[in-house]
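Below is one structure, written out as structure tokens; the observations come after it.
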Amino acid sequence: MIRDIDETTEYIRQCLGDRPVPEIAIILGSGLGLMADRIQDQLVIPYAGIPNFVRSTAIGHKGNLIFGTLGGKKVMAMQGRFHYYEGYTMQQVTFPVRVMARLGVKVLFVSNAAGAVNPTYRVGDMMIITDHINLLPNPLIGPNLDEFGPRFPDMTTVYSKRIRRLAIEEAEKMGETLQQGIYVGGTGPTYETPAEYKFYGAIGGDAAGMSTIPEVIVARHSGLEIFGMSIITNQSNDLSDTCLNSGDDVVKEANKAAQKMTTLFERVIGRLEV
């Protein structure tokens, strides 16, 4: 694993050439890859050419690593992520986060499309992730990578409070109201049943999806500061007679909200001191 991480890191450094390595990284979820269009002075590296990267097969995931400037800061962005439901191991799913840490990234922004568990949420809402409930296999199972972090990393303050405060302040300036809630991560690829939505709500969840948490766990293990946001793209069958139940519909709803999330991320990154 370490050899693969070093090989991939060195490849990306060679691609960057004289460009500085950014300290801020962004992982863009389903339908949210449009944010990449706002990144200036781009260097695009397709996943297909990166050693030890797997392919992103999910709908709305273009499969590019993009370097450039957003909000006046140097950033790198994953235009599409890897999922456990695609048949990849947790080590493959989270491998890019290890490479980010090796490159020198200090702050990770994660985004996703999610279903509403909280009955007050509506399609198009933006939710700051304040905490999560993991129903996926833990990506740290196996030999510990001592070079990155401890065997038993603390998970009590995973999502950065200072960045959450910045996001709320910038959203208010934009005239947007943000939800704040707990993200529940399951394996997918099936969408949740009404009973599962009820279960997620009973255990404290506000939104549900099939990604993000493995990356966050590895980022936490690697010492990165983390900010997460979900775009609410569908509601449970108990909340809506016209439940969105296809990947295409989720991407469509995510695309509608992508512009305001992009603006918010750009403004927060612009204020961020790393």
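The chains in the structure tokens are called A, B, ... from first to last as shown; in each chain the residues are counted from 1, and the ligands are counted from 1 in the order shown.
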_Taking 6 positions as the minimum chain separation for residues in the same chain, which residues sit within 6 Å of stretch 35-45 of chain A when counting only C-alpha atoms? Answer as number ranges by chain._
A: 64-70, 262
*Could you give me, as a ChimeraX atom specification, each residue of stretch 46-270 of chain A that DSSP assigns to helix (DSSP H, G or I) when run on this structure's backbone?*
/A:47-49,84-86,90-103,161-174,194-202,213-221,247-270
*Coordinates-based distance that separates atom CA of A:Phe148 from atom CA of A:Gln91 (Å, one decimal)*: 13.9 Å
Mind dumping a table of every stretch 43-158 of chain A residue within 10 Å of stretch 211-229 of chain A, with the nearest atom pair and its distance in Å to one decimal, using only C-alpha atoms, sorted by chain and rising number, as JSON lines?
{"residue": "A:Arg81", "atom": "CA", "partner": "A:Ser211", "partner_atom": "CA", "distance": 8.5}
{"residue": "A:Phe82", "atom": "CA", "partner": "A:Ser211", "partner_atom": "CA", "distance": 8.2}
{"residue": "A:His83", "atom": "CA", "partner": "A:Ser211", "partner_atom": "CA", "distance": 6.3}
{"residue": "A:Tyr84", "atom": "CA", "partner": "A:Ser211", "partner_atom": "CA", "distance": 7.9}
{"residue": "A:Tyr85", "atom": "CA", "partner": "A:Ser211", "partner_atom": "CA", "distance": 9.2}
{"residue": "A:Met90", "atom": "CA", "partner": "A:Pro214", "partner_atom": "CA", "distance": 7.2}
{"residue": "A:Gln91", "atom": "CA", "partner": "A:Pro214", "partner_atom": "CA", "distance": 9.2}
{"residue": "A:Val93", "atom": "CA", "partner": "A:Glu215", "partner_atom": "CA", "distance": 7.5}
{"residue": "A:Thr94", "atom": "CA", "partner": "A:Glu215", "partner_atom": "CA", "distance": 5.2}
{"residue": "A:Phe95", "atom": "CA", "partner": "A:Glu215", "partner_atom": "CA", "distance": 8.5}
{"residue": "A:Pro96", "atom": "CA", "partner": "A:Glu215", "partner_atom": "CA", "distance": 8.6}
{"residue": "A:Val97", "atom": "CA", "partner": "A:Ala219", "partner_atom": "CA", "distance": 6.2}
{"residue": "A:Arg98", "atom": "CA", "partner": "A:Ser222", "partner_atom": "CA", "distance": 7.3}
{"residue": "A:Met100", "atom": "CA", "partner": "A:Ala219", "partner_atom": "CA", "distance": 8.9}
{"residue": "A:Ala101", "atom": "CA", "partner": "A:Ser222", "partner_atom": "CA", "distance": 6.5}
{"residue": "A:Arg102", "atom": "CA", "partner": "A:Ser222", "partner_atom": "CA", "distance": 9.0}
{"residue": "A:Gly104", "atom": "CA", "partner": "A:Leu224", "partner_atom": "CA", "distance": 9.6}
{"residue": "A:Val105", "atom": "CA", "partner": "A:Leu224", "partner_atom": "CA", "distance": 7.4}
{"residue": "A:Lys106", "atom": "CA", "partner": "A:Leu224", "partner_atom": "CA", "distance": 5.1}
{"residue": "A:Val107", "atom": "CA", "partner": "A:Glu225", "partner_atom": "CA", "distance": 4.7}
{"residue": "A:Leu108", "atom": "CA", "partner": "A:Ile226", "partner_atom": "CA", "distance": 4.9}
{"residue": "A:Phe109", "atom": "CA", "partner": "A:Phe227", "partner_atom": "CA", "distance": 4.8}
{"residue": "A:Val110", "atom": "CA", "partner": "A:Gly228", "partner_atom": "CA", "distance": 4.7}
{"residue": "A:Ser111", "atom": "CA", "partner": "A:Met229", "partner_atom": "CA", "distance": 4.9}
{"residue": "A:Asn112", "atom": "CA", "partner": "A:Met229", "partner_atom": "CA", "distance": 6.7}
{"residue": "A:Ala113", "atom": "CA", "partner": "A:Met229", "partner_atom": "CA", "distance": 8.8}
{"residue": "A:Ala114", "atom": "CA", "partner": "A:Ser211", "partner_atom": "CA", "distance": 9.3}
{"residue": "A:Met126", "atom": "CA", "partner": "A:Met229", "partner_atom": "CA", "distance": 6.9}
{"residue": "A:Met127", "atom": "CA", "partner": "A:Met229", "partner_atom": "CA", "distance": 5.5}
{"residue": "A:Ile128", "atom": "CA", "partner": "A:Met229", "partner_atom": "CA", "distance": 4.6}
{"residue": "A:Ile129", "atom": "CA", "partner": "A:Gly228", "partner_atom": "CA", "distance": 5.1}
{"residue": "A:Thr130", "atom": "CA", "partner": "A:Gly228", "partner_atom": "CA", "distance": 7.8}
{"residue": "A:Asp131", "atom": "CA", "partner": "A:Gly228", "partner_atom": "CA", "distance": 9.1}
{"residue": "A:His132", "atom": "CA", "partner": "A:Ile213", "partner_atom": "CA", "distance": 7.3}
{"residue": "A:Ile133", "atom": "CA", "partner": "A:Ile213", "partner_atom": "CA", "distance": 8.3}
{"residue": "A:Asn134", "atom": "CA", "partner": "A:Ile213", "partner_atom": "CA", "distance": 6.7}
{"residue": "A:Leu135", "atom": "CA", "partner": "A:Ile213", "partner_atom": "CA", "distance": 9.2}
{"residue": "A:Leu136", "atom": "CA", "partner": "A:Pro214", "partner_atom": "CA", "distance": 7.7}
{"residue": "A:Pro137", "atom": "CA", "partner": "A:Pro214", "partner_atom": "CA", "distance": 8.1}
{"residue": "A:Asn138", "atom": "CA", "partner": "A:Pro214", "partner_atom": "CA", "distance": 6.7}
{"residue": "A:Pro139", "atom": "CA", "partner": "A:Pro214", "partner_atom": "CA", "distance": 5.9}
{"residue": "A:Leu140", "atom": "CA", "partner": "A:Val218", "partner_atom": "CA", "distance": 7.2}
{"residue": "A:Asn144", "atom": "CA", "partner": "A:His221", "partner_atom": "CA", "distance": 9.9}
{"residue": "A:Leu145", "atom": "CA", "partner": "A:His221", "partner_atom": "CA", "distance": 9.2}
{"residue": "A:Asp146", "atom": "CA", "partner": "A:Ser222", "partner_atom": "CA", "distance": 9.6}
{"residue": "A:Glu147", "atom": "CA", "partner": "A:Ser222", "partner_atom": "CA", "distance": 8.6}
{"residue": "A:Phe148", "atom": "CA", "partner": "A:Ser222", "partner_atom": "CA", "distance": 4.8}
{"residue": "A:Gly149", "atom": "CA", "partner": "A:His221", "partner_atom": "CA", "distance": 5.1}
{"residue": "A:Pro150", "atom": "CA", "partner": "A:His221", "partner_atom": "CA", "distance": 7.0}
{"residue": "A:Arg151", "atom": "CA", "partner": "A:His221", "partner_atom": "CA", "distance": 8.6}
{"residue": "A:Phe152", "atom": "CA", "partner": "A:His221", "partner_atom": "CA", "distance": 8.5}
{"residue": "A:Pro153", "atom": "CA", "partner": "A:His221", "partner_atom": "CA", "distance": 5.8}
{"residue": "A:Asp154", "atom": "CA", "partner": "A:Arg220", "partner_atom": "CA", "distance": 8.3}
{"residue": "A:Met155", "atom": "CA", "partner": "A:Arg220", "partner_atom": "CA", "distance": 7.7}
{"residue": "A:Thr157", "atom": "CA", "partner": "A:Arg220", "partner_atom": "CA", "distance": 9.5}
{"residue": "A:Val158", "atom": "CA", "partner": "A:Arg220", "partner_atom": "CA", "distance": 6.7}
*Would you give me, as a ChimeraX atom specification, the residues in stretch 15-176 of chain A that DSSP reads as strand (DSSP E)?*
/A:24-28,40-46,64-70,73-79,107-116,126-134
Dump N, CA and C atoms for the selected residues as a short mmCIF file (atom, residue, chain, number, x, y, z; two decimals), in the first residue's frame?
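Saved result, again.cif, follows:
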data_model
loop_
_atom_site.label_atom_id
_atom_site.label_comp_id
_atom_site.auth_asym_id
_atom_site.auth_seq_id
_atom_site.Cartn_x
_atom_site.Cartn_y
_atom_site.Cartn_z
N ILE A 24 -5.55 22.51 -0.14
CA ILE A 24 -7.00 22.29 -0.04
C ILE A 24 -7.43 21.34 -1.14
N ALA A 25 -8.20 20.31 -0.77
CA ALA A 25 -8.72 19.36 -1.75
C ALA A 25 -10.24 19.28 -1.63
N ILE A 26 -10.89 18.95 -2.75
CA ILE A 26 -12.34 18.85 -2.80
C ILE A 26 -12.71 17.54 -3.49
N ILE A 27 -13.64 16.79 -2.89
CA ILE A 27 -14.19 15.60 -3.54
C ILE A 27 -15.62 15.92 -3.94
N LEU A 28 -15.89 15.83 -5.24
CA LEU A 28 -17.18 16.22 -5.79
C LEU A 28 -18.03 14.99 -6.04
N GLN A 40 -10.01 27.81 -11.95
CA GLN A 40 -9.25 28.53 -12.98
C GLN A 40 -7.85 27.95 -13.13
N ASP A 41 -7.25 28.25 -14.29
CA ASP A 41 -5.87 27.81 -14.57
C ASP A 41 -5.73 26.31 -14.36
N GLN A 42 -6.58 25.55 -15.04
CA GLN A 42 -6.71 24.13 -14.76
C GLN A 42 -5.59 23.27 -15.34
N LEU A 43 -5.22 22.29 -14.56
CA LEU A 43 -4.46 21.14 -15.05
C LEU A 43 -5.34 19.92 -14.78
N VAL A 44 -5.72 19.20 -15.84
CA VAL A 44 -6.63 18.07 -15.72
C VAL A 44 -5.85 16.77 -15.93
N ILE A 45 -5.95 15.87 -14.98
CA ILE A 45 -5.31 14.56 -15.06
C ILE A 45 -6.40 13.49 -14.99
N PRO A 46 -6.71 12.82 -16.09
CA PRO A 46 -7.74 11.76 -16.05
C PRO A 46 -7.32 10.61 -15.15
N ASN A 64 -11.86 12.78 -13.28
CA ASN A 64 -10.69 13.61 -13.50
C ASN A 64 -10.18 14.16 -12.17
N LEU A 65 -8.88 14.31 -12.10
CA LEU A 65 -8.24 15.03 -11.01
C LEU A 65 -7.86 16.40 -11.56
N ILE A 66 -8.35 17.45 -10.92
CA ILE A 66 -8.18 18.81 -11.44
C ILE A 66 -7.41 19.66 -10.44
N PHE A 67 -6.38 20.33 -10.95
CA PHE A 67 -5.60 21.27 -10.15
C PHE A 67 -5.81 22.66 -10.71
N GLY A 68 -5.90 23.65 -9.82
CA GLY A 68 -6.07 25.02 -10.27
C GLY A 68 -6.35 25.95 -9.10
N THR A 69 -7.07 27.04 -9.38
CA THR A 69 -7.34 28.07 -8.38
C THR A 69 -8.84 28.25 -8.22
N LEU A 70 -9.31 28.27 -6.97
CA LEU A 70 -10.71 28.52 -6.65
C LEU A 70 -10.74 29.42 -5.43
N LYS A 73 -7.42 30.53 -3.99
CA LYS A 73 -6.55 29.56 -3.33
C LYS A 73 -6.25 28.40 -4.29
N LYS A 74 -5.08 27.83 -4.14
CA LYS A 74 -4.71 26.65 -4.93
C LYS A 74 -5.47 25.44 -4.39
N VAL A 75 -6.13 24.72 -5.28
CA VAL A 75 -6.93 23.57 -4.87
C VAL A 75 -6.67 22.39 -5.81
N MET A 76 -7.01 21.21 -5.33
CA MET A 76 -7.14 20.05 -6.19
C MET A 76 -8.53 19.48 -5.98
N ALA A 77 -9.13 18.95 -7.04
CA ALA A 77 -10.50 18.46 -6.94
C ALA A 77 -10.62 17.11 -7.63
N MET A 78 -11.31 16.20 -6.97
CA MET A 78 -11.69 14.94 -7.59
C MET A 78 -13.05 15.13 -8.25
N GLN A 79 -13.07 15.07 -9.57
CA GLN A 79 -14.33 15.19 -10.31
C GLN A 79 -14.93 13.79 -10.45
N VAL A 107 -6.56 20.41 4.20
CA VAL A 107 -8.00 20.56 4.39
C VAL A 107 -8.73 19.81 3.27
N LEU A 108 -9.75 19.04 3.64
CA LEU A 108 -10.55 18.30 2.66
C LEU A 108 -12.01 18.72 2.74
N PHE A 109 -12.54 19.16 1.60
CA PHE A 109 -13.97 19.42 1.44
C PHE A 109 -14.59 18.20 0.75
N VAL A 110 -15.66 17.65 1.33
CA VAL A 110 -16.34 16.53 0.70
C VAL A 110 -17.79 16.93 0.43
N SER A 111 -18.32 16.46 -0.69
CA SER A 111 -19.72 16.75 -1.03
C SER A 111 -20.38 15.49 -1.56
N ASN A 112 -21.69 15.46 -1.45
CA ASN A 112 -22.43 14.30 -1.95
C ASN A 112 -23.87 14.66 -2.22
N ALA A 113 -24.53 13.81 -2.97
CA ALA A 113 -25.98 13.84 -3.13
C ALA A 113 -26.56 12.88 -2.10
N ALA A 114 -27.63 13.30 -1.40
CA ALA A 114 -28.17 12.48 -0.31
C ALA A 114 -29.69 12.52 -0.31
N GLY A 115 -30.26 11.50 0.29
CA GLY A 115 -31.71 11.45 0.46
C GLY A 115 -32.12 12.01 1.81
N ALA A 116 -33.26 12.68 1.85
CA ALA A 116 -33.74 13.28 3.09
C ALA A 116 -34.32 12.23 4.01
N MET A 126 -29.31 22.39 1.09
CA MET A 126 -27.91 22.11 1.36
C MET A 126 -27.76 21.83 2.85
N MET A 127 -27.12 20.72 3.17
CA MET A 127 -26.95 20.32 4.57
C MET A 127 -25.47 20.24 4.93
N ILE A 128 -25.06 21.04 5.90
CA ILE A 128 -23.73 20.88 6.48
C ILE A 128 -23.70 19.59 7.29
N ILE A 129 -22.73 18.76 7.04
CA ILE A 129 -22.60 17.52 7.81
C ILE A 129 -21.92 17.85 9.14
N THR A 130 -22.64 17.62 10.22
CA THR A 130 -22.09 17.88 11.55
C THR A 130 -21.51 16.62 12.19
N ASP A 131 -21.97 15.46 11.71
CA ASP A 131 -21.49 14.19 12.24
C ASP A 131 -21.99 13.11 11.29
N HIS A 132 -21.55 11.88 11.51
CA HIS A 132 -22.03 10.81 10.64
C HIS A 132 -22.25 9.52 11.42
N ILE A 133 -23.02 8.63 10.81
CA ILE A 133 -23.23 7.27 11.32
C ILE A 133 -22.79 6.32 10.22
N ASN A 134 -21.82 5.50 10.52
CA ASN A 134 -21.21 4.65 9.49
C ASN A 134 -21.82 3.25 9.49
#
*Name the residues in contact with A:Glu170 at a cut-off of 9 Å, using only C-alpha atoms, excluding same-chain residues fewer than 4 positions from it; report them as a VMD selection string.*
chain A and resid 165 to 166 174 to 176 264 267 to 268
*Rounded to one decimal place, report the atom CA of A:Leu16-atom CA of A:Val54 distance in Å.*
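Going from atom CA of A:Leu16 over to atom CA of A:Val54 covers 20.3 Å.
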*asked:* For a test of reading the model, state the distance in Å between atom CA of A:Ser56 and atom CA of A:Gly188, rounded to one decimal.
replied: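 Atom-to-atom, atom CA of A:Ser56 and atom CA of A:Gly188 are spaced 15.4 Å apart.
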*asked:* Just checking: using only C-alpha atoms, which residue out of A:Glu86, A:Asp18, A:Asp125, A:Glu273 ends up closest to A:Met261?
replied: A:Asp125
*Between A:Asn52, A:Thr233, A:Gln179, A:Gln92, which one has atoms that come closest to A:Lys256, using only C-alpha atoms?*
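Answer, going by the shortest atom-to-atom distance: A:Thr233.
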_Just checking: using only C-alpha atoms, which residue out of A:Pro119, A:Gln235, A:Thr89, A:Gly49 ends up closest to A:Thr8?_
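Among the listed residues, the smallest separation from A:Thr8 belongs to A:Gly49.
Nearest-residue note for A:Asn234: choosing from A:Val123, A:Ala171, A:Ile2, A:Ile12, the minimum distance belongs to A:Val123, counting only C-alpha atoms.
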